[in-house]
>>> print(open('final_27.txt').read())   # compact mmCIF, N, CA and C atoms
# COMPACT_ATOMS: atom_id res chain seq x y z
N MET A 237 -0.66 -24.88 15.08
CA MET A 237 -1.32 -24.08 14.08
C MET A 237 -2.68 -24.70 13.79
N GLN A 238 -3.69 -23.86 13.75
CA GLN A 238 -5.04 -24.33 13.53
C GLN A 238 -5.28 -24.57 12.04
N ASP A 239 -5.98 -25.65 11.72
CA ASP A 239 -6.31 -25.98 10.34
C ASP A 239 -7.42 -25.06 9.86
N VAL A 240 -7.17 -24.32 8.80
CA VAL A 240 -8.14 -23.36 8.27
C VAL A 240 -9.40 -24.08 7.79
N SER A 241 -9.27 -25.27 7.22
CA SER A 241 -10.42 -25.97 6.65
C SER A 241 -11.43 -26.39 7.71
N THR A 242 -11.03 -26.54 8.97
CA THR A 242 -11.95 -26.96 10.02
C THR A 242 -12.34 -25.82 10.93
N SER A 243 -11.85 -24.63 10.65
CA SER A 243 -12.12 -23.48 11.50
C SER A 243 -13.40 -22.79 11.05
N ASN A 244 -14.05 -22.09 11.98
CA ASN A 244 -15.22 -21.29 11.65
C ASN A 244 -14.83 -19.93 11.11
N LYS A 245 -13.55 -19.58 11.22
CA LYS A 245 -13.07 -18.29 10.73
C LYS A 245 -12.89 -18.34 9.21
N SER A 246 -13.05 -17.18 8.58
CA SER A 246 -12.79 -17.09 7.15
C SER A 246 -11.29 -17.03 6.92
N ILE A 247 -10.87 -17.31 5.71
CA ILE A 247 -9.45 -17.28 5.36
C ILE A 247 -8.88 -15.88 5.55
N GLU A 248 -9.72 -14.85 5.37
CA GLU A 248 -9.23 -13.47 5.52
C GLU A 248 -8.77 -13.19 6.94
N SER A 249 -9.29 -13.92 7.93
CA SER A 249 -8.85 -13.67 9.30
C SER A 249 -7.42 -14.12 9.53
N TYR A 250 -6.86 -14.90 8.62
CA TYR A 250 -5.48 -15.35 8.74
C TYR A 250 -4.51 -14.47 7.95
N ILE A 251 -5.05 -13.53 7.18
CA ILE A 251 -4.22 -12.64 6.39
C ILE A 251 -3.94 -11.39 7.22
N PRO A 252 -2.67 -10.97 7.34
CA PRO A 252 -2.33 -9.87 8.24
C PRO A 252 -2.64 -8.50 7.67
N CYS A 253 -3.84 -8.30 7.13
CA CYS A 253 -4.25 -7.01 6.60
C CYS A 253 -5.39 -6.50 7.44
N GLU A 254 -5.23 -5.35 8.02
CA GLU A 254 -6.30 -4.83 8.84
C GLU A 254 -6.20 -3.32 8.91
N VAL A 255 -7.30 -2.71 9.23
CA VAL A 255 -7.33 -1.28 9.44
C VAL A 255 -7.37 -1.07 10.94
N PHE A 256 -6.31 -0.48 11.50
CA PHE A 256 -6.27 -0.24 12.94
C PHE A 256 -7.21 0.88 13.33
N SER A 257 -7.28 1.92 12.53
CA SER A 257 -8.15 3.05 12.81
C SER A 257 -8.49 3.72 11.50
N THR A 258 -9.77 3.95 11.27
CA THR A 258 -10.17 4.61 10.03
C THR A 258 -10.84 5.95 10.29
N LYS A 259 -10.75 6.45 11.50
CA LYS A 259 -11.37 7.73 11.83
C LYS A 259 -10.46 8.85 11.33
N ARG A 260 -10.97 9.67 10.46
CA ARG A 260 -10.17 10.75 9.87
C ARG A 260 -9.80 11.81 10.90
N ASN A 261 -10.59 11.95 11.96
CA ASN A 261 -10.27 12.98 12.94
C ASN A 261 -9.28 12.50 13.99
N VAL A 262 -8.83 11.27 13.88
CA VAL A 262 -7.83 10.73 14.79
C VAL A 262 -6.51 10.64 14.04
N ALA A 263 -5.49 11.32 14.54
CA ALA A 263 -4.19 11.29 13.87
C ALA A 263 -3.19 10.60 14.77
N PRO A 264 -2.37 9.75 14.28
CA PRO A 264 -2.40 9.28 12.90
C PRO A 264 -3.36 8.11 12.72
N CYS A 265 -3.82 7.95 11.52
CA CYS A 265 -4.62 6.80 11.14
C CYS A 265 -3.64 5.74 10.65
N LYS A 266 -3.78 4.50 11.11
CA LYS A 266 -2.82 3.46 10.77
C LYS A 266 -3.51 2.34 10.01
N LEU A 267 -2.90 1.95 8.88
CA LEU A 267 -3.38 0.83 8.07
C LEU A 267 -2.29 -0.23 8.03
N ARG A 268 -2.70 -1.47 7.80
CA ARG A 268 -1.72 -2.56 7.75
C ARG A 268 -1.99 -3.43 6.54
N GLY A 269 -0.89 -3.89 5.93
CA GLY A 269 -0.97 -4.79 4.79
C GLY A 269 0.23 -5.71 4.78
N PHE A 270 0.63 -6.15 3.60
CA PHE A 270 1.79 -7.01 3.45
C PHE A 270 3.04 -6.16 3.23
N ALA A 271 4.09 -6.45 3.95
CA ALA A 271 5.39 -5.80 3.72
C ALA A 271 5.92 -6.31 2.39
N ALA A 272 5.99 -5.44 1.39
CA ALA A 272 6.35 -5.86 0.04
C ALA A 272 7.78 -5.50 -0.33
N SER A 273 8.25 -4.35 0.15
CA SER A 273 9.60 -3.90 -0.15
C SER A 273 10.07 -3.03 1.01
N PRO A 274 11.23 -3.33 1.61
CA PRO A 274 11.65 -2.65 2.83
C PRO A 274 12.00 -1.19 2.63
N GLY A 275 11.90 -0.46 3.72
CA GLY A 275 12.25 0.96 3.72
C GLY A 275 11.13 1.78 4.31
N ILE A 276 11.46 3.01 4.68
CA ILE A 276 10.48 3.94 5.25
C ILE A 276 10.54 5.23 4.44
N VAL A 277 9.37 5.72 4.07
CA VAL A 277 9.30 6.98 3.34
C VAL A 277 8.06 7.73 3.83
N GLU A 278 8.16 9.05 3.84
CA GLU A 278 7.04 9.89 4.25
C GLU A 278 6.90 11.03 3.27
N GLY A 279 5.65 11.36 2.94
CA GLY A 279 5.39 12.47 2.04
C GLY A 279 3.97 12.45 1.54
N PRO A 280 3.61 13.45 0.72
CA PRO A 280 2.26 13.49 0.16
C PRO A 280 2.06 12.36 -0.85
N CYS A 281 0.83 11.86 -0.91
CA CYS A 281 0.55 10.74 -1.81
C CYS A 281 -0.31 11.18 -2.99
N LYS A 282 -0.28 10.36 -4.01
CA LYS A 282 -1.12 10.57 -5.20
C LYS A 282 -1.98 9.33 -5.36
N ILE A 283 -3.30 9.52 -5.36
CA ILE A 283 -4.23 8.41 -5.54
C ILE A 283 -4.47 8.23 -7.04
N ILE A 284 -4.30 7.00 -7.50
CA ILE A 284 -4.61 6.66 -8.90
C ILE A 284 -5.70 5.61 -8.86
N ARG A 285 -6.90 5.99 -9.31
CA ARG A 285 -8.04 5.06 -9.25
C ARG A 285 -8.15 4.18 -10.49
N ASN A 286 -7.55 4.60 -11.60
CA ASN A 286 -7.52 3.74 -12.79
C ASN A 286 -6.22 3.99 -13.56
N LEU A 287 -5.84 3.02 -14.33
CA LEU A 287 -4.53 3.08 -15.00
C LEU A 287 -4.44 4.20 -16.02
N GLN A 288 -5.56 4.71 -16.49
CA GLN A 288 -5.53 5.82 -17.45
C GLN A 288 -5.01 7.10 -16.80
N ASP A 289 -5.01 7.16 -15.46
CA ASP A 289 -4.54 8.36 -14.75
C ASP A 289 -3.06 8.31 -14.39
N LEU A 290 -2.36 7.26 -14.80
CA LEU A 290 -0.95 7.15 -14.45
C LEU A 290 -0.12 8.32 -14.97
N HIS A 291 -0.55 8.92 -16.07
CA HIS A 291 0.21 10.03 -16.65
C HIS A 291 0.22 11.26 -15.73
N THR A 292 -0.66 11.29 -14.71
CA THR A 292 -0.70 12.43 -13.79
C THR A 292 0.33 12.31 -12.67
N LEU A 293 1.01 11.18 -12.58
CA LEU A 293 2.04 11.01 -11.55
C LEU A 293 3.21 11.95 -11.79
N GLN A 294 3.72 12.51 -10.71
CA GLN A 294 4.90 13.36 -10.80
C GLN A 294 6.08 12.66 -10.17
N ASP A 295 7.26 13.05 -10.59
CA ASP A 295 8.50 12.48 -10.06
C ASP A 295 8.52 12.63 -8.53
N GLY A 296 8.82 11.54 -7.83
CA GLY A 296 8.91 11.58 -6.38
C GLY A 296 7.60 11.35 -5.66
N ALA A 297 6.56 10.93 -6.37
CA ALA A 297 5.26 10.71 -5.76
C ALA A 297 5.23 9.41 -4.96
N ILE A 298 4.37 9.38 -3.94
CA ILE A 298 4.04 8.14 -3.27
C ILE A 298 2.70 7.71 -3.86
N LEU A 299 2.70 6.60 -4.56
CA LEU A 299 1.52 6.14 -5.28
C LEU A 299 0.63 5.30 -4.38
N VAL A 300 -0.67 5.60 -4.40
CA VAL A 300 -1.68 4.77 -3.75
C VAL A 300 -2.63 4.32 -4.85
N CYS A 301 -2.77 3.01 -5.03
CA CYS A 301 -3.60 2.50 -6.12
C CYS A 301 -4.43 1.30 -5.67
N GLU A 302 -5.38 0.93 -6.50
CA GLU A 302 -6.26 -0.20 -6.22
C GLU A 302 -5.55 -1.53 -6.45
N VAL A 303 -5.04 -1.70 -7.66
CA VAL A 303 -4.45 -2.97 -8.07
C VAL A 303 -3.05 -2.73 -8.62
N PRO A 304 -2.04 -3.38 -8.06
CA PRO A 304 -0.71 -3.27 -8.67
C PRO A 304 -0.71 -3.99 -10.02
N SER A 305 -0.18 -3.35 -11.03
CA SER A 305 -0.24 -3.86 -12.39
C SER A 305 1.13 -3.79 -13.05
N PRO A 306 1.39 -4.66 -14.02
CA PRO A 306 2.64 -4.55 -14.79
C PRO A 306 2.76 -3.20 -15.51
N LYS A 307 1.64 -2.51 -15.71
CA LYS A 307 1.69 -1.21 -16.37
C LYS A 307 2.35 -0.14 -15.49
N LEU A 308 2.58 -0.47 -14.21
CA LEU A 308 3.29 0.46 -13.33
C LEU A 308 4.79 0.46 -13.58
N ALA A 309 5.30 -0.56 -14.25
CA ALA A 309 6.75 -0.74 -14.41
C ALA A 309 7.48 0.51 -14.91
N PRO A 310 7.00 1.20 -15.95
CA PRO A 310 7.74 2.38 -16.42
C PRO A 310 7.78 3.53 -15.41
N TYR A 311 6.84 3.53 -14.46
CA TYR A 311 6.75 4.62 -13.49
C TYR A 311 7.52 4.34 -12.20
N MET A 312 7.88 3.09 -11.96
CA MET A 312 8.52 2.71 -10.70
C MET A 312 9.81 3.48 -10.39
N PRO A 313 10.68 3.74 -11.36
CA PRO A 313 11.91 4.46 -11.02
C PRO A 313 11.66 5.89 -10.51
N PHE A 314 10.47 6.43 -10.76
CA PHE A 314 10.16 7.80 -10.39
C PHE A 314 9.39 7.91 -9.08
N LEU A 315 8.95 6.77 -8.52
CA LEU A 315 8.15 6.77 -7.31
C LEU A 315 9.03 6.78 -6.06
N ARG A 316 8.51 7.35 -4.97
CA ARG A 316 9.18 7.28 -3.67
C ARG A 316 8.63 6.15 -2.84
N GLY A 317 7.39 5.74 -3.11
CA GLY A 317 6.75 4.67 -2.35
C GLY A 317 5.50 4.19 -3.05
N LEU A 318 5.00 3.03 -2.62
CA LEU A 318 3.83 2.41 -3.23
C LEU A 318 2.95 1.79 -2.16
N VAL A 319 1.64 2.08 -2.24
CA VAL A 319 0.63 1.45 -1.40
C VAL A 319 -0.45 0.94 -2.35
N ALA A 320 -0.85 -0.33 -2.19
CA ALA A 320 -1.89 -0.89 -3.03
C ALA A 320 -2.91 -1.62 -2.18
N ARG A 321 -4.19 -1.47 -2.54
CA ARG A 321 -5.25 -2.13 -1.79
C ARG A 321 -5.22 -3.63 -2.00
N GLN A 322 -4.86 -4.07 -3.19
CA GLN A 322 -4.78 -5.49 -3.49
C GLN A 322 -3.32 -5.90 -3.68
N GLY A 323 -3.10 -7.19 -3.77
CA GLY A 323 -1.77 -7.70 -4.02
C GLY A 323 -1.17 -8.37 -2.80
N GLY A 324 -0.05 -9.01 -3.04
CA GLY A 324 0.67 -9.70 -1.98
C GLY A 324 2.16 -9.53 -2.17
N PRO A 325 2.94 -10.16 -1.30
CA PRO A 325 4.39 -9.97 -1.37
C PRO A 325 5.02 -10.48 -2.66
N LEU A 326 4.32 -11.34 -3.38
CA LEU A 326 4.89 -11.88 -4.62
C LEU A 326 4.25 -11.29 -5.88
N CYS A 327 3.39 -10.27 -5.73
CA CYS A 327 2.77 -9.67 -6.92
C CYS A 327 3.83 -8.89 -7.71
N ILE A 328 3.50 -8.58 -8.93
CA ILE A 328 4.46 -7.96 -9.85
C ILE A 328 4.95 -6.60 -9.33
N ALA A 329 4.06 -5.82 -8.74
CA ALA A 329 4.47 -4.50 -8.24
C ALA A 329 5.43 -4.63 -7.05
N SER A 330 5.25 -5.67 -6.23
CA SER A 330 6.17 -5.89 -5.12
C SER A 330 7.57 -6.17 -5.64
N GLY A 331 7.66 -6.98 -6.68
CA GLY A 331 8.95 -7.28 -7.29
C GLY A 331 9.60 -6.04 -7.88
N TYR A 332 8.81 -5.24 -8.59
CA TYR A 332 9.34 -4.00 -9.17
C TYR A 332 9.81 -3.06 -8.06
N ALA A 333 9.05 -2.96 -6.97
CA ALA A 333 9.44 -2.07 -5.87
C ALA A 333 10.75 -2.53 -5.26
N ARG A 334 10.91 -3.83 -5.07
CA ARG A 334 12.17 -4.33 -4.52
C ARG A 334 13.32 -4.07 -5.49
N ASP A 335 13.09 -4.27 -6.79
CA ASP A 335 14.13 -4.02 -7.79
C ASP A 335 14.60 -2.57 -7.76
N HIS A 336 13.68 -1.64 -7.54
CA HIS A 336 14.01 -0.20 -7.55
C HIS A 336 14.21 0.36 -6.15
N GLU A 337 14.22 -0.53 -5.14
CA GLU A 337 14.44 -0.14 -3.74
C GLU A 337 13.46 0.95 -3.29
N ILE A 338 12.18 0.73 -3.61
CA ILE A 338 11.10 1.64 -3.24
C ILE A 338 10.30 0.99 -2.12
N PRO A 339 10.12 1.64 -0.98
CA PRO A 339 9.28 1.06 0.06
C PRO A 339 7.86 0.81 -0.45
N ALA A 340 7.31 -0.37 -0.14
CA ALA A 340 5.98 -0.70 -0.63
C ALA A 340 5.23 -1.56 0.38
N VAL A 341 3.93 -1.28 0.48
CA VAL A 341 3.00 -2.09 1.28
C VAL A 341 1.81 -2.37 0.38
N VAL A 342 1.47 -3.65 0.23
CA VAL A 342 0.36 -4.04 -0.63
C VAL A 342 -0.66 -4.83 0.18
N GLY A 343 -1.84 -5.03 -0.41
CA GLY A 343 -2.90 -5.74 0.30
C GLY A 343 -3.42 -4.94 1.48
N VAL A 344 -3.50 -3.62 1.32
CA VAL A 344 -3.90 -2.72 2.42
C VAL A 344 -5.40 -2.48 2.31
N LYS A 345 -6.16 -3.18 3.13
CA LYS A 345 -7.61 -2.97 3.16
C LYS A 345 -7.90 -1.55 3.61
N GLY A 346 -8.81 -0.90 2.93
CA GLY A 346 -9.19 0.45 3.30
C GLY A 346 -8.33 1.54 2.70
N ALA A 347 -7.28 1.18 1.98
CA ALA A 347 -6.36 2.19 1.44
C ALA A 347 -7.07 3.19 0.55
N MET A 348 -7.92 2.72 -0.33
CA MET A 348 -8.58 3.62 -1.28
C MET A 348 -9.75 4.37 -0.64
N ASP A 349 -10.23 3.90 0.50
CA ASP A 349 -11.35 4.55 1.18
C ASP A 349 -10.88 5.58 2.21
N VAL A 350 -9.77 5.29 2.87
CA VAL A 350 -9.32 6.12 3.98
C VAL A 350 -8.31 7.18 3.54
N ILE A 351 -7.35 6.79 2.72
CA ILE A 351 -6.32 7.73 2.27
C ILE A 351 -6.91 8.64 1.20
N GLN A 352 -6.65 9.92 1.32
CA GLN A 352 -7.13 10.89 0.34
C GLN A 352 -5.96 11.47 -0.43
N ASP A 353 -6.22 11.87 -1.66
CA ASP A 353 -5.19 12.45 -2.50
C ASP A 353 -4.55 13.64 -1.79
N GLY A 354 -3.22 13.63 -1.71
CA GLY A 354 -2.49 14.71 -1.07
C GLY A 354 -2.21 14.48 0.41
N ASP A 355 -2.81 13.45 1.02
CA ASP A 355 -2.51 13.15 2.43
C ASP A 355 -1.01 12.88 2.58
N VAL A 356 -0.45 13.31 3.69
CA VAL A 356 0.93 12.96 4.01
C VAL A 356 0.88 11.60 4.71
N ILE A 357 1.55 10.62 4.11
CA ILE A 357 1.55 9.27 4.67
C ILE A 357 2.98 8.81 4.92
N ARG A 358 3.11 7.88 5.84
CA ARG A 358 4.40 7.25 6.13
C ARG A 358 4.25 5.76 5.85
N ILE A 359 5.07 5.26 4.93
CA ILE A 359 5.06 3.85 4.57
C ILE A 359 6.25 3.18 5.24
N ASP A 360 5.98 2.09 5.93
CA ASP A 360 7.06 1.26 6.46
C ASP A 360 6.96 -0.08 5.74
N GLY A 361 7.76 -0.22 4.70
CA GLY A 361 7.72 -1.42 3.87
C GLY A 361 8.33 -2.64 4.55
N SER A 362 8.98 -2.46 5.68
CA SER A 362 9.52 -3.59 6.43
C SER A 362 8.48 -4.22 7.35
N SER A 363 7.62 -3.38 7.94
CA SER A 363 6.61 -3.91 8.87
C SER A 363 5.23 -4.02 8.23
N GLY A 364 5.04 -3.41 7.04
CA GLY A 364 3.74 -3.49 6.36
C GLY A 364 2.72 -2.52 6.90
N THR A 365 3.16 -1.36 7.39
CA THR A 365 2.22 -0.39 7.92
C THR A 365 2.23 0.89 7.10
N VAL A 366 1.07 1.55 7.08
CA VAL A 366 0.91 2.85 6.43
C VAL A 366 0.23 3.76 7.44
N ASP A 367 0.87 4.86 7.79
CA ASP A 367 0.33 5.83 8.72
C ASP A 367 -0.07 7.08 7.95
N ILE A 368 -1.28 7.56 8.20
CA ILE A 368 -1.70 8.86 7.66
C ILE A 368 -1.34 9.87 8.74
N VAL A 369 -0.36 10.70 8.44
CA VAL A 369 0.14 11.62 9.45
C VAL A 369 -0.36 13.05 9.26
N GLY A 370 -0.97 13.32 8.14
CA GLY A 370 -1.49 14.66 7.92
C GLY A 370 -2.20 14.82 6.64
>>> encode(input="final_27.txt", output="structure tokens")
Amino acid sequence: MQDVSTSNKSIESYIPCEVFSTKRNVAPCKLRGFAASPGIVEGPCKIIRNLQDLHTLQDGAILVCEVPSPKLAPYMPFLRGLVARQGGPLCIASGYARDHEIPAVVGVKGAMDVIQDGDVIRIDGSSGTVDIVG
């Protein structure tokens, strides 16, 4: 294993978060992050750009958000899946997702830029991938 402190690479190059394809006209578009909670789910997503919009979530939504927050806790039992641009396997939302057996992928670079509200996405919380399928 290479020592990060002596490498010319940035620490981000050692983090398994990457965008495989961000071209909207190429289907499916695949994103990668941290596997936070196992399981696979597919369906339309709801983008929440700030916590004040959490009240717009509907039962059975797949949530895509910027930052996983403890304020998500009351909504977790109603979600089918979670994708977050920030966070890691030990963040609070990852724990809540595991507690409620909701597939989750966090630390997904490009999630808020590439995924659009209403896109049909497939989350694989075991492998840490998010596919935009439609």
>>> axis_aligned_box(input="final_27.txt", around="range 367-370 of chain A", padding_each_side="5 Å", output="AutoDock Vina command-line options")
--center_x -0.7 --center_y 9.8 --center_z 8.0 --size_x 13.1 --size_y 20.0 --size_z 12.8
>>> residues_around(input="final_27.txt", residues="Gly331 in chain A", least_positions_apart="4", cutoff="12 Å", atoms="only C-alpha atoms", output="count of residues only")
24
>>> closest_residue(input="final_27.txt", among="A:Arg316, A:Arg321, A:Arg334, A:His291", to="Val303 in chain A", atoms="all atoms listed in the file")
A:Arg321
>>> atom_distance(input="final_27.txt", atom1="CA of Ile351 in chain A", atom2="atom C of Ala333 in chain A")
21.3 Å
>>> select_by_dssp(input="final_27.txt", residues="range 294-345 of chain A", states="strand (DSSP E)", output="list in words")
Ile298, Leu299, Val300, Cys301, Gly317, Leu318, Val319, Ala320, Ala340, Val341 and Val342 of chain A
>>> closest_atom_pairs(input="final_27.txt", of="range 297-321 of chain A", to="range 357-360 of chain A", cutoff="9 Å", atoms="only C-alpha atoms", output="Markdown table")
| residue | atom | partner | partner_atom | distance |
| --- | --- | --- | --- | --- |
| A:Ile298 | CA | A:Ile357 | CA | 8.4 |
| A:Gly317 | CA | A:Ile359 | CA | 7.2 |
| A:Leu318 | CA | A:Ile359 | CA | 8.0 |
| A:Val319 | CA | A:Ile359 | CA | 7.8 |
>>> write_last_selection(input="final_27.txt", atoms="N, CA and C atoms", output="mmCIF file, in the coordinates of the input")
data_model
loop_
_atom_site.group_PDB
_atom_site.id
_atom_site.type_symbol
_atom_site.label_atom_id
_atom_site.label_comp_id
_atom_site.auth_asym_id
_atom_site.auth_seq_id
_atom_site.Cartn_x
_atom_site.Cartn_y
_atom_site.Cartn_z
ATOM 1 N N ILE A 298 4.370 9.380 -3.940
ATOM 2 C CA ILE A 298 4.040 8.140 -3.270
ATOM 3 C C ILE A 298 2.700 7.710 -3.860
ATOM 4 N N GLY A 317 7.390 5.740 -3.110
ATOM 5 C CA GLY A 317 6.750 4.670 -2.350
ATOM 6 C C GLY A 317 5.500 4.190 -3.050
ATOM 7 N N LEU A 318 5.000 3.030 -2.620
ATOM 8 C CA LEU A 318 3.830 2.410 -3.230
ATOM 9 C C LEU A 318 2.950 1.790 -2.160
ATOM 10 N N VAL A 319 1.640 2.080 -2.240
ATOM 11 C CA VAL A 319 0.630 1.450 -1.400
ATOM 12 C C VAL A 319 -0.450 0.940 -2.350
#
>>> atom_distance(input="final_27.txt", atom1="CA of Asn286 in chain A", atom2="CA of Ser363 in chain A")
27.0 Å
>>> atom_distance(input="final_27.txt", atom1="CA of Ile368 in chain A", atom2="CA of Gly269 in chain A")
14.0 Å
>>> select_by_dssp(input="final_27.txt", residues="range 288-332 of chain A", states="alpha helix (DSSP H)", output="number ranges by chain")
A: 328-332
>>> closest_residue(input="final_27.txt", among="A:Gly361, A:Gln288, A:Ala347, A:Gly275", to="Cys301 in chain A", atoms="only N, CA and C atoms")
A:Ala347
>>> residues_near_point(input="final_27.txt", point="(-3.5, 9.4, -2.0)", cutoff="8 Å", atoms="all atoms listed in the file", output="PyMOL selection string")
chain A and resi 280-284+298-301+347-348+350-356
>>> closest_residue(input="final_27.txt", among="A:Leu315, A:Ala320, A:Leu293, A:Ala329", to="Lys345 in chain A", atoms="all atoms listed in the file")
A:Ala320
>>> closest_residue(input="final_27.txt", among="A:Ile276, A:Glu302, A:Lys307, A:Lys266", to="Gly343 in chain A", atoms="only N, CA and C atoms")
A:Glu302
>>> decode(input="final_27.txt", residues="range 296-311 of chain A", atoms="N, CA and C atoms", output="PDB file, in the first residue's frame")
ATOM      1  N   GLY A 296     -42.503   6.764   0.189  1.00  0.00           N
ATOM      2  CA  GLY A 296     -41.947   5.900  -0.836  1.00  0.00           C
ATOM      3  C   GLY A 296     -40.974   6.586  -1.769  1.00  0.00           C
ATOM      4  N   ALA A 297     -40.542   7.796  -1.451  1.00  0.00           N
ATOM      5  CA  ALA A 297     -39.619   8.533  -2.304  1.00  0.00           C
ATOM      6  C   ALA A 297     -38.197   7.995  -2.172  1.00  0.00           C
ATOM      7  N   ILE A 298     -37.419   8.158  -3.242  1.00  0.00           N
ATOM      8  CA  ILE A 298     -35.981   7.954  -3.177  1.00  0.00           C
ATOM      9  C   ILE A 298     -35.384   9.350  -3.066  1.00  0.00           C
ATOM     10  N   LEU A 299     -34.768   9.628  -1.942  1.00  0.00           N
ATOM     11  CA  LEU A 299     -34.258  10.962  -1.648  1.00  0.00           C
ATOM     12  C   LEU A 299     -32.850  11.136  -2.192  1.00  0.00           C
ATOM     13  N   VAL A 300     -32.625  12.260  -2.884  1.00  0.00           N
ATOM     14  CA  VAL A 300     -31.293  12.673  -3.309  1.00  0.00           C
ATOM     15  C   VAL A 300     -31.041  14.025  -2.655  1.00  0.00           C
ATOM     16  N   CYS A 301     -29.977  14.117  -1.849  1.00  0.00           N
ATOM     17  CA  CYS A 301     -29.715  15.357  -1.122  1.00  0.00           C
ATOM     18  C   CYS A 301     -28.226  15.686  -1.124  1.00  0.00           C
ATOM     19  N   GLU A 302     -27.923  16.895  -0.710  1.00  0.00           N
ATOM     20  CA  GLU A 302     -26.547  17.379  -0.646  1.00  0.00           C
ATOM     21  C   GLU A 302     -25.813  16.787   0.555  1.00  0.00           C
ATOM     22  N   VAL A 303     -26.372  17.009   1.734  1.00  0.00           N
ATOM     23  CA  VAL A 303     -25.710  16.616   2.976  1.00  0.00           C
ATOM     24  C   VAL A 303     -26.661  15.776   3.821  1.00  0.00           C
ATOM     25  N   PRO A 304     -26.261  14.567   4.191  1.00  0.00           N
ATOM     26  CA  PRO A 304     -27.102  13.805   5.119  1.00  0.00           C
ATOM     27  C   PRO A 304     -27.080  14.479   6.488  1.00  0.00           C
ATOM     28  N   SER A 305     -28.233  14.640   7.081  1.00  0.00           N
ATOM     29  CA  SER A 305     -28.368  15.387   8.327  1.00  0.00           C
ATOM     30  C   SER A 305     -29.219  14.610   9.327  1.00  0.00           C
ATOM     31  N   PRO A 306     -29.006  14.844  10.619  1.00  0.00           N
ATOM     32  CA  PRO A 306     -29.883  14.232  11.622  1.00  0.00           C
ATOM     33  C   PRO A 306     -31.354  14.647  11.446  1.00  0.00           C
ATOM     34  N   LYS A 307     -31.595  15.754  10.751  1.00  0.00           N
ATOM     35  CA  LYS A 307     -32.968  16.197  10.515  1.00  0.00           C
ATOM     36  C   LYS A 307     -33.719  15.260   9.562  1.00  0.00           C
ATOM     37  N   LEU A 308     -32.993  14.340   8.916  1.00  0.00           N
ATOM     38  CA  LEU A 308     -33.641  13.354   8.052  1.00  0.00           C
ATOM     39  C   LEU A 308     -34.306  12.240   8.852  1.00  0.00           C
ATOM     40  N   ALA A 309     -33.937  12.087  10.111  1.00  0.00           N
ATOM     41  CA  ALA A 309     -34.390  10.951  10.928  1.00  0.00           C
ATOM     42  C   ALA A 309     -35.907  10.735  10.891  1.00  0.00           C
ATOM     43  N   PRO A 310     -36.740  11.758  11.058  1.00  0.00           N
ATOM     44  CA  PRO A 310     -38.185  11.505  11.048  1.00  0.00           C
ATOM     45  C   PRO A 310     -38.721  11.033   9.697  1.00  0.00           C
ATOM     46  N   TYR A 311     -37.973  11.296   8.622  1.00  0.00           N
ATOM     47  CA  TYR A 311     -38.426  10.942   7.276  1.00  0.00           C
ATOM     48  C   TYR A 311     -37.932   9.571   6.824  1.00  0.00           C
TER      49      TYR A 311
END
